[in-house]
Protein chains: 2
Amino acid sequence: MIKVVVLGYGNVGFHLTTALSSAINVSVVQVYNRSVISSEDKSIFVSNLNELKDADVYIIALPDDIISAFSESLPFNDQLVVHTSGSLSIKELPSFNRRGVFYPLQSFSKNQEVSFNNIPICLEAESVSDMRILRDLGEAISTKVVEINSEERAKLHLAAVFVNNFVNYMYTVADDIISEGDLDVHLLEPLIKETANKIKHLSASEAQTGPAKRNDLKTIEKHLHLLRDSDHLGLYKELTKAIQNTYGKEL
Amino acid sequence: MIKVVVLGYGNVGFHLTTALSSAINVSVVQVYNRSVISSEDKSIFVSNLNELKDADVYIIALPDDIISAFSESLPFNDQLVVHTSGSLSIKELPSFNRRGVFYPLQSFSKNQEVSFNNIPICLEAESVSDMRILRDLGEAISTKVVEINSEERAKLHLAAVFVNNFVNYMYTVADDIISEGDLDVHLLEPLIKETANKIKHLSASEAQTGPAKRNDLKTIEKHLHLLRDSDHLGLYKELTKAIQNTYGKEL
């Protein structure tokens, strides 16, 4: 049985706690949160670091910018303390504890259920024995557990920003364009789904279509006239230019 | 039985022909293509416009920039002639035929099978009787048939460029970043899938996360240092600025 303490109960902390709590061979013995959590089972919540129990792994699920200071304030040493950040190095944690990373490569929203089964869990540790603990913990909730160092993880996180944050912003722009008219936003859902599905079978480069790729200047011109928002216009131009540069301006 | 002639056998023409051929109450009597098609059933292919048979609907599935000239060259009049373009007005077709639009809102790639069942078919016609024919034809292959005028369709097409072409380009950028390292591109697939699925339950605006949304300048700075390609760098900056402008720079 791996005993876990989760530190932080935002989106990542909440979903991790949920997943780990129902995993076999894992026991979430405590969840730390700065403020009191109104939950059905308050017994595992604690808001004072001095009350933290013993555990095999302490998982910090807090915003990147406070992880370093927070981990310095932990009142114990030589414990396995991991963070869940894509972009932070393992070295952001202090060396008076055994350091590691347990990064679930997914975007979490509080109101959206998540199945961890397919989520890649990216691990880093400083010893073989710690890596074994993290691997057991990862495999308790996911079938995709990988070892990735801090440098590679930073690249993965950057790529994730493109395929998640930026893609989601594309959906927002589309929502805005659609809602200016009388159209139903849900009309775009099959296209959104197919766009995501397609790259399982084709590379993104093979799947690329559209006016920018085929240098259809007339359609591009029409689109530029339709765009009212200056940010959307700027994005359209920048993306079109990038696609044209990638695929060449000739047909 | 609705008799259809498909004019053009590129991505759209190919997939439309495939779908219509297996639909009940629809008969694809001919497929026109400028060059000869090597196919199992050559009998329905024709490359001379003067050999076109009678049909209830002539569907032009050709690139936008040649639709107008091509439709002018059709050697008949008072027939129902429709195009399949998202961005072209119905008026791009000449008035000596009965005009219409049959726009399947999807991105087609030749090597990727498509099920039309969920694809919105956007229709436009100039008479109730022509609309009835197009509706029957649309409903023969899809459960989502909608009437949309040229102006609204242009907006829909623009929105589709954002959620398909531009989203796919985000995938390409991620591929590039990932393949610079030793990472497996498939690691991003669950995130890509979840990003697309999420907006069924949340609005894109509710689903937005990431360093730009939370104005995490340290992470943004790190990402800017990691980006080697000037187009990718330009996109990152433009997208981050747009997200910051949308959600405000304060937390």
# chains A, B, ... in the order shown; residues from 1 in each chain; ligands from 1

call {"tool": "interface_residues", "arguments": {"of": "chain B", "to": "chain A", "cutoff": "6 Å", "atoms": "only C-alpha atoms", "output": "list of chain:residue names"}}
result
B:Gln106, B:Ala159, B:Phe162, B:Val163, B:Asn164, B:Asn165, B:Val167, B:Met170, B:Tyr171, B:Thr172, B:Ala174, B:Leu191, B:Lys193, B:Thr195, B:Ala196, B:Ala204, B:Ser205, B:Thr209, B:Gly210, B:Asp231, B:Ala242

call {"tool": "write_last_selection", "arguments": {"atoms": "N, CA and C atoms", "output": "PDB file, in the first residue's frame"}}
result
ATOM      1  N   GLN B 106     -17.154  19.748 -43.112  1.00  0.00           N
ATOM      2  CA  GLN B 106     -16.162  18.790 -42.647  1.00  0.00           C
ATOM      3  C   GLN B 106     -14.894  18.991 -43.469  1.00  0.00           C
ATOM      4  N   ALA B 159     -15.175  30.268 -39.201  1.00  0.00           N
ATOM      5  CA  ALA B 159     -15.041  29.605 -37.896  1.00  0.00           C
ATOM      6  C   ALA B 159     -14.422  28.214 -38.078  1.00  0.00           C
ATOM      7  N   PHE B 162     -10.722  28.232 -38.265  1.00  0.00           N
ATOM      8  CA  PHE B 162     -10.076  28.295 -36.945  1.00  0.00           C
ATOM      9  C   PHE B 162     -10.058  26.927 -36.270  1.00  0.00           C
ATOM     10  N   VAL B 163     -11.192  26.224 -36.247  1.00  0.00           N
ATOM     11  CA  VAL B 163     -11.241  24.965 -35.475  1.00  0.00           C
ATOM     12  C   VAL B 163     -10.644  23.779 -36.231  1.00  0.00           C
ATOM     13  N   ASN B 164     -10.447  23.923 -37.525  1.00  0.00           N
ATOM     14  CA  ASN B 164      -9.834  22.819 -38.263  1.00  0.00           C
ATOM     15  C   ASN B 164      -8.433  23.174 -38.756  1.00  0.00           C
ATOM     16  N   ASN B 165      -8.331  24.077 -39.717  1.00  0.00           N
ATOM     17  CA  ASN B 165      -7.020  24.374 -40.316  1.00  0.00           C
ATOM     18  C   ASN B 165      -6.028  24.887 -39.278  1.00  0.00           C
ATOM     19  N   VAL B 167      -6.259  24.799 -35.923  1.00  0.00           N
ATOM     20  CA  VAL B 167      -6.031  23.799 -34.871  1.00  0.00           C
ATOM     21  C   VAL B 167      -5.044  22.745 -35.368  1.00  0.00           C
ATOM     22  N   MET B 170      -1.644  23.908 -35.111  1.00  0.00           N
ATOM     23  CA  MET B 170      -1.138  23.814 -33.726  1.00  0.00           C
ATOM     24  C   MET B 170      -0.562  22.420 -33.479  1.00  0.00           C
ATOM     25  N   TYR B 171      -1.241  21.407 -34.014  1.00  0.00           N
ATOM     26  CA  TYR B 171      -0.730  20.040 -33.885  1.00  0.00           C
ATOM     27  C   TYR B 171       0.632  19.902 -34.585  1.00  0.00           C
ATOM     28  N   THR B 172       0.767  20.560 -35.733  1.00  0.00           N
ATOM     29  CA  THR B 172       2.029  20.509 -36.474  1.00  0.00           C
ATOM     30  C   THR B 172       3.160  21.149 -35.683  1.00  0.00           C
ATOM     31  N   ALA B 174       3.302  21.436 -32.461  1.00  0.00           N
ATOM     32  CA  ALA B 174       3.605  20.518 -31.348  1.00  0.00           C
ATOM     33  C   ALA B 174       4.469  19.354 -31.834  1.00  0.00           C
ATOM     34  N   LEU B 191      -4.396  14.252 -24.613  1.00  0.00           N
ATOM     35  CA  LEU B 191      -4.670  15.674 -24.352  1.00  0.00           C
ATOM     36  C   LEU B 191      -5.432  16.299 -25.517  1.00  0.00           C
ATOM     37  N   LYS B 193      -7.382  14.766 -27.601  1.00  0.00           N
ATOM     38  CA  LYS B 193      -8.734  14.219 -27.586  1.00  0.00           C
ATOM     39  C   LYS B 193      -9.592  14.895 -26.508  1.00  0.00           C
ATOM     40  N   THR B 195      -9.139  17.794 -25.135  1.00  0.00           N
ATOM     41  CA  THR B 195      -9.360  19.205 -25.464  1.00  0.00           C
ATOM     42  C   THR B 195     -10.579  19.346 -26.374  1.00  0.00           C
ATOM     43  N   ALA B 196     -10.677  18.442 -27.348  1.00  0.00           N
ATOM     44  CA  ALA B 196     -11.819  18.474 -28.268  1.00  0.00           C
ATOM     45  C   ALA B 196     -13.104  18.031 -27.567  1.00  0.00           C
ATOM     46  N   ALA B 204     -15.893  26.902 -24.617  1.00  0.00           N
ATOM     47  CA  ALA B 204     -14.449  27.029 -24.817  1.00  0.00           C
ATOM     48  C   ALA B 204     -13.876  28.040 -23.828  1.00  0.00           C
ATOM     49  N   SER B 205     -14.644  29.053 -23.542  1.00  0.00           N
ATOM     50  CA  SER B 205     -14.173  30.067 -22.618  1.00  0.00           C
ATOM     51  C   SER B 205     -14.018  29.503 -21.199  1.00  0.00           C
ATOM     52  N   THR B 209      -7.439  27.165 -20.068  1.00  0.00           N
ATOM     53  CA  THR B 209      -6.450  27.115 -18.988  1.00  0.00           C
ATOM     54  C   THR B 209      -5.105  27.541 -19.573  1.00  0.00           C
ATOM     55  N   GLY B 210      -4.063  27.488 -18.758  1.00  0.00           N
ATOM     56  CA  GLY B 210      -2.717  27.705 -19.286  1.00  0.00           C
ATOM     57  C   GLY B 210      -2.053  28.970 -18.804  1.00  0.00           C
ATOM     58  N   ASP B 231       8.429  31.482 -36.780  1.00  0.00           N
ATOM     59  CA  ASP B 231       6.969  31.459 -36.947  1.00  0.00           C
ATOM     60  C   ASP B 231       6.279  30.945 -35.684  1.00  0.00           C
ATOM     61  N   ALA B 242      -3.476  37.502 -27.269  1.00  0.00           N
ATOM     62  CA  ALA B 242      -4.932  37.435 -27.485  1.00  0.00           C
ATOM     63  C   ALA B 242      -5.641  36.844 -26.263  1.00  0.00           C
TER      64      ALA B 242
END

call {"tool": "select_by_dssp", "arguments": {"residues": "region 4-250 of chain B", "states": "strand (DSSP E)", "output": "short mmCIF file (atom, residue, chain, number, x, y, z; two decimals) with all heavy atoms, in the first residue's frame"}}
result
data_model
loop_
_atom_site.label_atom_id
_atom_site.label_comp_id
_atom_site.auth_asym_id
_atom_site.auth_seq_id
_atom_site.Cartn_x
_atom_site.Cartn_y
_atom_site.Cartn_z
N VAL B 4 -28.24 11.96 -59.24
CA VAL B 4 -27.20 12.96 -58.97
C VAL B 4 -26.03 12.79 -59.94
O VAL B 4 -25.63 11.67 -60.24
CB VAL B 4 -26.66 12.79 -57.52
CG1 VAL B 4 -25.53 13.77 -57.25
CG2 VAL B 4 -27.78 12.96 -56.51
N VAL B 5 -25.51 13.92 -60.41
CA VAL B 5 -24.22 13.93 -61.10
C VAL B 5 -23.24 14.70 -60.22
O VAL B 5 -23.54 15.82 -59.80
CB VAL B 5 -24.33 14.57 -62.50
CG1 VAL B 5 -22.93 14.83 -63.08
CG2 VAL B 5 -25.13 13.69 -63.44
N VAL B 6 -22.11 14.10 -59.93
CA VAL B 6 -21.07 14.79 -59.17
C VAL B 6 -20.02 15.30 -60.14
O VAL B 6 -19.50 14.54 -60.96
CB VAL B 6 -20.42 13.85 -58.12
CG1 VAL B 6 -19.29 14.56 -57.38
CG2 VAL B 6 -21.47 13.35 -57.13
N LEU B 7 -19.72 16.60 -60.03
CA LEU B 7 -18.77 17.22 -60.95
C LEU B 7 -17.49 17.53 -60.20
O LEU B 7 -17.44 18.45 -59.37
CB LEU B 7 -19.39 18.49 -61.54
CG LEU B 7 -20.75 18.26 -62.25
CD1 LEU B 7 -21.59 19.53 -62.27
CD2 LEU B 7 -20.53 17.76 -63.67
N VAL B 26 -30.96 7.33 -53.56
CA VAL B 26 -30.08 8.23 -54.32
C VAL B 26 -29.33 7.39 -55.35
O VAL B 26 -28.88 6.29 -55.04
CB VAL B 26 -29.06 8.95 -53.41
CG1 VAL B 26 -28.10 9.80 -54.25
CG2 VAL B 26 -29.75 9.80 -52.37
N SER B 27 -29.22 7.92 -56.55
CA SER B 27 -28.43 7.23 -57.56
C SER B 27 -27.42 8.21 -58.15
O SER B 27 -27.79 9.26 -58.70
CB SER B 27 -29.36 6.70 -58.66
OG SER B 27 -28.59 6.30 -59.78
N VAL B 28 -26.14 7.90 -57.99
CA VAL B 28 -25.11 8.71 -58.63
C VAL B 28 -24.99 8.21 -60.07
O VAL B 28 -24.41 7.16 -60.32
CB VAL B 28 -23.77 8.61 -57.89
CG1 VAL B 28 -22.70 9.44 -58.61
CG2 VAL B 28 -23.92 9.06 -56.44
N VAL B 29 -25.60 8.96 -60.99
CA VAL B 29 -25.64 8.46 -62.37
C VAL B 29 -24.34 8.73 -63.13
O VAL B 29 -24.01 8.04 -64.09
CB VAL B 29 -26.85 9.03 -63.16
CG1 VAL B 29 -28.16 8.54 -62.55
CG2 VAL B 29 -26.82 10.55 -63.20
N GLN B 30 -23.60 9.73 -62.67
CA GLN B 30 -22.35 10.07 -63.36
C GLN B 30 -21.42 10.86 -62.45
O GLN B 30 -21.87 11.58 -61.55
CB GLN B 30 -22.66 10.94 -64.59
CG GLN B 30 -22.17 10.36 -65.89
CD GLN B 30 -22.67 11.18 -67.07
OE1 GLN B 30 -23.28 12.25 -66.92
NE2 GLN B 30 -22.42 10.66 -68.26
N VAL B 31 -20.11 10.69 -62.70
CA VAL B 31 -19.12 11.54 -62.05
C VAL B 31 -18.25 12.14 -63.14
O VAL B 31 -17.65 11.41 -63.95
CB VAL B 31 -18.24 10.74 -61.07
CG1 VAL B 31 -17.12 11.62 -60.51
CG2 VAL B 31 -19.07 10.15 -59.94
N TYR B 32 -18.23 13.47 -63.17
CA TYR B 32 -17.38 14.14 -64.15
C TYR B 32 -16.02 14.44 -63.53
O TYR B 32 -15.94 14.90 -62.38
CB TYR B 32 -18.03 15.46 -64.60
CG TYR B 32 -17.04 16.38 -65.30
CD1 TYR B 32 -16.78 16.24 -66.66
CD2 TYR B 32 -16.36 17.35 -64.57
CE1 TYR B 32 -15.86 17.07 -67.30
CE2 TYR B 32 -15.42 18.18 -65.20
CZ TYR B 32 -15.18 18.03 -66.56
OH TYR B 32 -14.26 18.84 -67.18
N PHE B 45 -17.83 7.27 -64.90
CA PHE B 45 -16.96 8.44 -65.06
C PHE B 45 -17.01 9.00 -66.47
O PHE B 45 -17.10 8.26 -67.45
CB PHE B 45 -15.52 8.10 -64.68
CG PHE B 45 -15.33 7.96 -63.20
CD1 PHE B 45 -15.37 6.71 -62.60
CD2 PHE B 45 -15.17 9.09 -62.41
CE1 PHE B 45 -15.22 6.59 -61.22
CE2 PHE B 45 -15.03 8.97 -61.04
CZ PHE B 45 -15.06 7.72 -60.44
N VAL B 46 -16.95 10.32 -66.56
CA VAL B 46 -16.99 10.99 -67.86
C VAL B 46 -16.06 12.21 -67.76
O VAL B 46 -15.92 12.80 -66.69
CB VAL B 46 -18.45 11.38 -68.21
CG1 VAL B 46 -19.01 12.37 -67.19
CG2 VAL B 46 -18.56 11.94 -69.61
N VAL B 57 -30.01 16.67 -59.57
CA VAL B 57 -29.06 17.62 -58.98
C VAL B 57 -27.67 17.41 -59.57
O VAL B 57 -27.21 16.27 -59.69
CB VAL B 57 -28.93 17.41 -57.43
CG1 VAL B 57 -28.19 18.59 -56.81
CG2 VAL B 57 -30.27 17.20 -56.77
N TYR B 58 -27.03 18.52 -59.94
CA TYR B 58 -25.63 18.51 -60.35
C TYR B 58 -24.82 19.15 -59.23
O TYR B 58 -25.04 20.32 -58.90
CB TYR B 58 -25.45 19.28 -61.67
CG TYR B 58 -26.16 18.62 -62.84
CD1 TYR B 58 -27.53 18.84 -63.05
CD2 TYR B 58 -25.48 17.77 -63.70
CE1 TYR B 58 -28.20 18.21 -64.09
CE2 TYR B 58 -26.14 17.14 -64.76
CZ TYR B 58 -27.50 17.36 -64.95
OH TYR B 58 -28.16 16.73 -65.98
N ILE B 59 -23.93 18.36 -58.64
CA ILE B 59 -23.14 18.85 -57.51
C ILE B 59 -21.73 19.17 -57.95
O ILE B 59 -20.97 18.28 -58.34
CB ILE B 59 -23.09 17.81 -56.37
CG1 ILE B 59 -24.50 17.42 -55.92
CG2 ILE B 59 -22.27 18.34 -55.20
CD1 ILE B 59 -24.52 16.37 -54.80
N ILE B 60 -21.37 20.45 -57.88
CA ILE B 60 -20.01 20.86 -58.25
C ILE B 60 -19.10 20.74 -57.03
O ILE B 60 -19.28 21.45 -56.04
CB ILE B 60 -19.98 22.31 -58.77
CG1 ILE B 60 -20.92 22.46 -59.98
CG2 ILE B 60 -18.55 22.73 -59.13
CD1 ILE B 60 -21.03 23.89 -60.48
N LEU B 80 -30.98 21.99 -61.63
CA LEU B 80 -30.53 22.34 -60.28
C LEU B 80 -29.03 22.05 -60.16
O LEU B 80 -28.59 20.90 -60.18
CB LEU B 80 -31.32 21.54 -59.23
CG LEU B 80 -30.94 21.77 -57.76
CD1 LEU B 80 -30.97 23.25 -57.38
CD2 LEU B 80 -31.87 20.97 -56.83
N VAL B 81 -28.25 23.14 -60.07
CA VAL B 81 -26.78 23.06 -59.98
C VAL B 81 -26.36 23.65 -58.63
O VAL B 81 -26.68 24.79 -58.33
CB VAL B 81 -26.11 23.83 -61.14
CG1 VAL B 81 -24.60 23.83 -60.98
CG2 VAL B 81 -26.51 23.24 -62.48
N VAL B 82 -25.67 22.86 -57.86
CA VAL B 82 -25.24 23.35 -56.53
C VAL B 82 -23.73 23.26 -56.41
O VAL B 82 -23.08 22.43 -57.05
CB VAL B 82 -25.88 22.52 -55.39
CG1 VAL B 82 -27.40 22.53 -55.50
CG2 VAL B 82 -25.36 21.07 -55.35
N HIS B 83 -23.17 24.15 -55.60
CA HIS B 83 -21.75 23.98 -55.27
C HIS B 83 -21.62 23.52 -53.82
O HIS B 83 -22.61 23.51 -53.07
CB HIS B 83 -20.93 25.24 -55.59
CG HIS B 83 -21.17 26.42 -54.70
ND1 HIS B 83 -20.90 26.41 -53.35
CD2 HIS B 83 -21.63 27.68 -54.97
CE1 HIS B 83 -21.18 27.59 -52.82
NE2 HIS B 83 -21.64 28.38 -53.78
N ARG B 98 -30.91 26.60 -62.13
CA ARG B 98 -31.45 26.79 -60.78
C ARG B 98 -30.30 26.56 -59.81
O ARG B 98 -29.64 25.55 -59.87
CB ARG B 98 -32.59 25.80 -60.52
CG ARG B 98 -33.86 26.12 -61.30
CD ARG B 98 -34.60 24.87 -61.75
NE ARG B 98 -34.70 23.87 -60.71
CZ ARG B 98 -34.70 22.55 -60.92
NH1 ARG B 98 -34.57 22.06 -62.15
NH2 ARG B 98 -34.79 21.72 -59.92
N ARG B 99 -30.08 27.55 -58.94
CA ARG B 99 -28.85 27.53 -58.13
C ARG B 99 -29.08 27.01 -56.72
O ARG B 99 -30.17 27.17 -56.15
CB ARG B 99 -28.28 28.95 -58.06
CG ARG B 99 -28.07 29.55 -59.41
CD ARG B 99 -27.47 30.92 -59.33
NE ARG B 99 -28.46 31.94 -58.98
CZ ARG B 99 -28.27 33.24 -59.17
NH1 ARG B 99 -27.12 33.67 -59.70
NH2 ARG B 99 -29.18 34.11 -58.83
N GLY B 100 -28.05 26.44 -56.16
CA GLY B 100 -28.13 25.98 -54.78
C GLY B 100 -26.77 25.72 -54.19
O GLY B 100 -25.74 25.81 -54.88
N VAL B 101 -26.76 25.44 -52.90
CA VAL B 101 -25.53 25.10 -52.20
C VAL B 101 -25.76 23.84 -51.37
O VAL B 101 -26.82 23.69 -50.73
CB VAL B 101 -25.07 26.26 -51.28
CG1 VAL B 101 -23.79 25.88 -50.52
CG2 VAL B 101 -24.84 27.53 -52.08
N PHE B 102 -24.79 22.96 -51.38
CA PHE B 102 -24.82 21.71 -50.62
C PHE B 102 -23.43 21.60 -49.97
O PHE B 102 -22.51 21.03 -50.53
CB PHE B 102 -25.08 20.55 -51.59
CG PHE B 102 -25.39 19.22 -50.94
CD1 PHE B 102 -26.70 18.86 -50.63
CD2 PHE B 102 -24.38 18.31 -50.65
CE1 PHE B 102 -27.01 17.63 -50.06
CE2 PHE B 102 -24.67 17.07 -50.07
CZ PHE B 102 -25.99 16.73 -49.77
N TYR B 103 -23.32 22.24 -48.79
CA TYR B 103 -22.00 22.38 -48.15
C TYR B 103 -21.86 21.43 -46.96
O TYR B 103 -22.47 21.64 -45.92
CB TYR B 103 -21.82 23.83 -47.71
CG TYR B 103 -20.62 24.10 -46.80
CD1 TYR B 103 -19.33 23.71 -47.14
CD2 TYR B 103 -20.80 24.81 -45.60
CE1 TYR B 103 -18.26 23.97 -46.30
CE2 TYR B 103 -19.72 25.09 -44.77
CZ TYR B 103 -18.46 24.66 -45.12
OH TYR B 103 -17.39 24.93 -44.30
N PRO B 104 -21.07 20.39 -47.12
CA PRO B 104 -20.81 19.51 -45.96
C PRO B 104 -19.72 20.12 -45.09
O PRO B 104 -18.61 20.35 -45.56
CB PRO B 104 -20.32 18.20 -46.59
CG PRO B 104 -19.91 18.55 -47.98
CD PRO B 104 -20.31 19.96 -48.30
N ILE B 121 -24.91 19.21 -43.05
CA ILE B 121 -25.01 19.58 -44.46
C ILE B 121 -25.77 20.91 -44.51
O ILE B 121 -26.92 20.99 -44.09
CB ILE B 121 -25.78 18.53 -45.28
CG1 ILE B 121 -25.23 17.10 -45.03
CG2 ILE B 121 -25.77 18.88 -46.76
CD1 ILE B 121 -23.97 16.75 -45.74
N CYS B 122 -25.09 21.94 -45.00
CA CYS B 122 -25.67 23.29 -45.01
C CYS B 122 -26.23 23.57 -46.40
O CYS B 122 -25.49 23.56 -47.38
CB CYS B 122 -24.61 24.31 -44.64
SG CYS B 122 -23.77 23.92 -43.08
N LEU B 123 -27.52 23.85 -46.44
CA LEU B 123 -28.21 23.96 -47.72
C LEU B 123 -28.64 25.39 -48.01
O LEU B 123 -28.97 26.15 -47.11
CB LEU B 123 -29.47 23.10 -47.71
CG LEU B 123 -29.31 21.62 -47.38
CD1 LEU B 123 -30.69 20.95 -47.40
CD2 LEU B 123 -28.37 20.95 -48.38
N GLU B 124 -28.67 25.70 -49.29
CA GLU B 124 -29.25 26.96 -49.74
C GLU B 124 -29.87 26.69 -51.10
O GLU B 124 -29.32 25.92 -51.90
CB GLU B 124 -28.15 28.03 -49.85
CG GLU B 124 -28.68 29.42 -50.02
CD GLU B 124 -27.59 30.51 -49.94
OE1 GLU B 124 -26.41 30.16 -49.67
OE2 GLU B 124 -27.92 31.68 -50.16
N ALA B 125 -31.03 27.29 -51.34
CA ALA B 125 -31.69 27.12 -52.64
C ALA B 125 -32.52 28.36 -52.90
O ALA B 125 -32.71 29.19 -52.01
CB ALA B 125 -32.56 25.87 -52.65
N VAL B 145 -29.14 18.28 -41.16
CA VAL B 145 -29.30 19.07 -42.37
C VAL B 145 -29.89 20.43 -41.98
O VAL B 145 -30.91 20.49 -41.31
CB VAL B 145 -30.21 18.33 -43.37
CG1 VAL B 145 -30.45 19.18 -44.60
CG2 VAL B 145 -29.58 16.99 -43.74
N VAL B 146 -29.19 21.50 -42.36
CA VAL B 146 -29.63 22.84 -41.96
C VAL B 146 -29.67 23.79 -43.15
O VAL B 146 -28.89 23.65 -44.09
CB VAL B 146 -28.70 23.44 -40.88
CG1 VAL B 146 -28.90 22.76 -39.53
CG2 VAL B 146 -27.23 23.36 -41.29
N GLU B 147 -30.60 24.75 -43.09
CA GLU B 147 -30.64 25.78 -44.13
C GLU B 147 -29.88 27.00 -43.64
O GLU B 147 -30.16 27.51 -42.56
CB GLU B 147 -32.09 26.16 -44.42
CG GLU B 147 -32.88 25.03 -45.04
CD GLU B 147 -34.33 25.42 -45.34
OE1 GLU B 147 -34.60 26.62 -45.59
OE2 GLU B 147 -35.18 24.53 -45.30
#

call {"tool": "atom_distance", "arguments": {"atom1": "CA of Ser89 (chain A)", "atom2": "CA of Ser22 (chain A)"}}
result
29.1 Å

call {"tool": "select_by_dssp", "arguments": {"residues": "region 93-163 of chain B", "states": "helix (DSSP H, G or I)", "output": "VMD selection string"}}
result
chain B and resid 116 to 118 128 to 141 150 to 163

call {"tool": "atom_distance", "arguments": {"atom1": "CA of Ser47 (chain A)", "atom2": "CA of Arg34 (chain A)"}}
result
5.0 Å

call {"tool": "residues_around", "arguments": {"residues": "Pro75 (chain B)", "least_positions_apart": "5", "cutoff": "9 Å", "atoms": "only C-alpha atoms", "output": "ChimeraX atom specification"}}
result
/B:49-50,52

call {"tool": "write_last_selection", "arguments": {"atoms": "N, CA, C and O atoms", "output": "PDB file, in the first residue's frame"}}
result
ATOM      1  N   LEU B  49     -17.995  17.314 -70.813  1.00  0.00           N
ATOM      2  CA  LEU B  49     -19.237  17.897 -70.281  1.00  0.00           C
ATOM      3  C   LEU B  49     -20.432  17.650 -71.201  1.00  0.00           C
ATOM      4  O   LEU B  49     -21.580  17.635 -70.759  1.00  0.00           O
ATOM      5  N   ASN B  50     -20.165  17.464 -72.497  1.00  0.00           N
ATOM      6  CA  ASN B  50     -21.268  17.255 -73.434  1.00  0.00           C
ATOM      7  C   ASN B  50     -21.904  15.879 -73.313  1.00  0.00           C
ATOM      8  O   ASN B  50     -22.946  15.613 -73.892  1.00  0.00           O
ATOM      9  N   LEU B  52     -22.790  14.669 -70.372  1.00  0.00           N
ATOM     10  CA  LEU B  52     -23.490  14.593 -69.073  1.00  0.00           C
ATOM     11  C   LEU B  52     -24.926  14.131 -69.250  1.00  0.00           C
ATOM     12  O   LEU B  52     -25.642  14.575 -70.151  1.00  0.00           O
TER      13      LEU B  52
END

call {"tool": "closest_residue", "arguments": {"among": "A:Val128, A:Ile44, A:Ile90, A:Val12", "to": "Leu62 (chain A)", "atoms": "only C-alpha atoms"}}
result
A:Val12

call {"tool": "atom_distance", "arguments": {"atom1": "CA of Ser43 (chain B)", "atom2": "CA of Ala55 (chain B)"}}
result
16.2 Å
